[in-house]
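Here is the file model.txt (compact mmCIF, C-alpha atoms).
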# COMPACT_ATOMS: atom_id res chain seq x y z
CA ILE A 1 112.71 108.23 115.77
CA GLU A 2 116.10 106.55 116.12
CA ALA A 3 116.55 103.13 117.72
CA SER A 4 119.67 101.02 118.00
CA LEU A 5 120.61 97.71 119.61
CA GLY A 6 123.96 95.90 119.71
CA ILE A 7 122.78 92.31 120.24
CA GLY A 8 119.26 90.89 120.55
CA GLN A 9 115.77 91.61 119.26
CA LEU A 10 114.61 95.17 118.63
CA VAL A 11 110.83 95.54 118.27
CA VAL A 12 109.48 98.82 116.87
CA VAL A 13 105.73 99.33 117.31
CA LEU A 14 104.19 101.83 114.88
CA PRO A 15 101.13 103.92 115.75
CA ALA A 16 98.04 102.72 113.90
CA ASP A 17 97.14 106.10 112.39
CA THR A 18 100.45 107.16 110.84
CA THR A 19 102.30 106.56 107.63
CA THR A 20 105.80 105.44 108.58
CA ILE A 21 108.99 105.47 106.58
CA VAL A 22 111.33 102.77 107.89
CA GLU A 23 115.07 102.90 107.25
CA ALA A 24 116.55 99.76 108.81
CA ASP A 25 119.88 98.01 108.78
CA VAL A 26 121.17 94.84 110.41
CA ASP A 27 124.80 93.77 110.41
CA ALA A 28 123.96 90.08 110.97
CA GLY A 29 120.44 88.75 111.47
CA SER A 30 117.03 89.55 110.00
CA ILE A 31 114.42 92.27 109.46
CA GLN A 32 110.66 91.61 109.55
CA LEU A 33 108.23 94.27 108.29
CA PRO A 34 104.44 94.64 108.80
CA SER A 35 103.80 93.59 105.20
CA GLY A 36 105.19 90.17 106.09
CA ARG A 37 108.31 90.91 104.05
CA GLU A 38 111.48 89.51 105.62
CA ALA A 39 115.08 90.18 104.80
CA GLY A 40 118.18 88.42 105.95
CA ALA A 41 116.70 85.08 106.91
CA GLY A 42 119.24 82.33 106.39
CA GLY A 43 122.24 84.15 107.78
CA VAL A 44 122.71 86.96 105.26
CA ASP A 45 125.14 89.46 106.76
CA GLY A 46 125.10 93.22 106.38
CA PHE A 47 121.98 94.48 104.66
CA GLN A 48 119.56 97.40 104.63
CA GLU A 49 115.83 97.74 104.02
CA SER A 50 113.76 100.80 103.22
CA ALA A 51 109.98 100.68 103.29
CA THR A 52 106.97 102.94 103.60
CA VAL A 53 104.26 101.52 105.84
CA ALA A 54 101.05 103.31 104.85
CA SER A 55 98.36 104.16 107.37
CA PRO A 56 95.01 102.41 106.88
CA GLY A 57 93.33 105.78 107.51
CA THR A 58 94.15 109.27 106.30
CA ALA A 59 93.99 111.22 109.58
CA GLY A 60 97.46 110.41 110.90
CA GLY A 61 100.79 112.11 110.31
CA ARG A 62 104.13 110.80 109.10
CA VAL A 63 106.92 109.25 111.14
CA LEU A 64 110.48 108.36 110.12
CA VAL A 65 112.03 105.38 111.91
CA ASP A 66 115.79 104.87 111.61
CA ALA A 67 116.67 101.54 113.26
CA HIS A 68 119.88 99.53 113.53
CA VAL A 69 120.69 96.10 115.00
CA GLY A 70 124.24 94.81 115.18
CA LEU A 71 123.51 91.10 115.69
CA GLY A 72 119.94 89.83 115.97
CA GLU A 73 116.48 90.61 114.72
CA LEU A 74 114.64 93.82 113.91
CA VAL A 75 110.84 93.49 113.99
CA VAL A 76 108.59 96.34 112.83
CA GLN A 77 104.89 95.98 113.73
CA ARG A 78 101.71 98.03 113.70
CA ALA A 79 100.23 98.69 117.16
CA GLU A 80 97.13 96.61 116.43
CA ASP A 81 99.30 93.60 115.51
CA ALA A 82 101.82 93.89 118.35
CA GLU A 83 102.07 91.43 121.19
CA VAL A 84 102.96 93.33 124.33
CA VAL A 85 105.04 91.38 126.80
CA ILE A 86 105.82 93.02 130.12
CA PRO A 87 108.81 91.37 131.82
CA LEU A 88 108.40 90.56 135.49
CA PRO A 89 111.03 91.94 137.88

Show me, as structure tokens, the structure contained in the file I just sent.
Amino acid sequence: IEASLGIGQLVVVLPADTTTIVEADVDAGSIQLPSGREAGAGGVDGFQESATVASPGTAGGRVLVDAHVGLGELVVQRAEDAEVVIPLP
């Protein structure tokens, strides 16, 4: 799965029953992973993170997420931890 955003917050919600390999890069901003690990806080510019987010179960498949944010925040969450916000028209 590829996801890209120029400016803002990109939230990637991972299925609960999959092992996910995350390849992420942010030109200026931060990355937050399900493990609680953060990168780029404090204004670090131009960095990449690679992580494997293991499934709590063994029944699921594997997913590769390739995500990029130009300026902003990349948040990667498991479905069970995600807060779903539906914008009103």

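If you look at atom CA of A:Asp27 and atom CA of A:Ile1, they are 19.6 Å away from each other.
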
In Å, how far is it from atom CA of A:Arg78 to atom CA of A:Ile21? 12.6 Å

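Distances from A:Ala16, A:Leu33, A:Ala79, A:Val22 to A:Asp66 were compared using all atoms listed in the file, and the smallest one belongs to A:Val22.
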
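Minimum distance to A:Ser30 across A:Asp17, A:Val11, A:Thr52, A:Asp81 (counting all atoms listed in the file) occurs at A:Val11.
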
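Interatomic distance, atom CA of A:Glu23 to atom CA of A:Leu64: 7.7 Å.
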
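Distances here use only C-alpha atoms; by that measure, the residue among A:Val76, A:Ala28, A:Val65, A:Leu71 closest to A:Ala3 is A:Val65.
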
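In this comparison, which uses all atoms listed in the file, the residue of A:Val26, A:Thr20, A:Leu14, A:Gly8 approaching A:His68 most closely is A:Val26.
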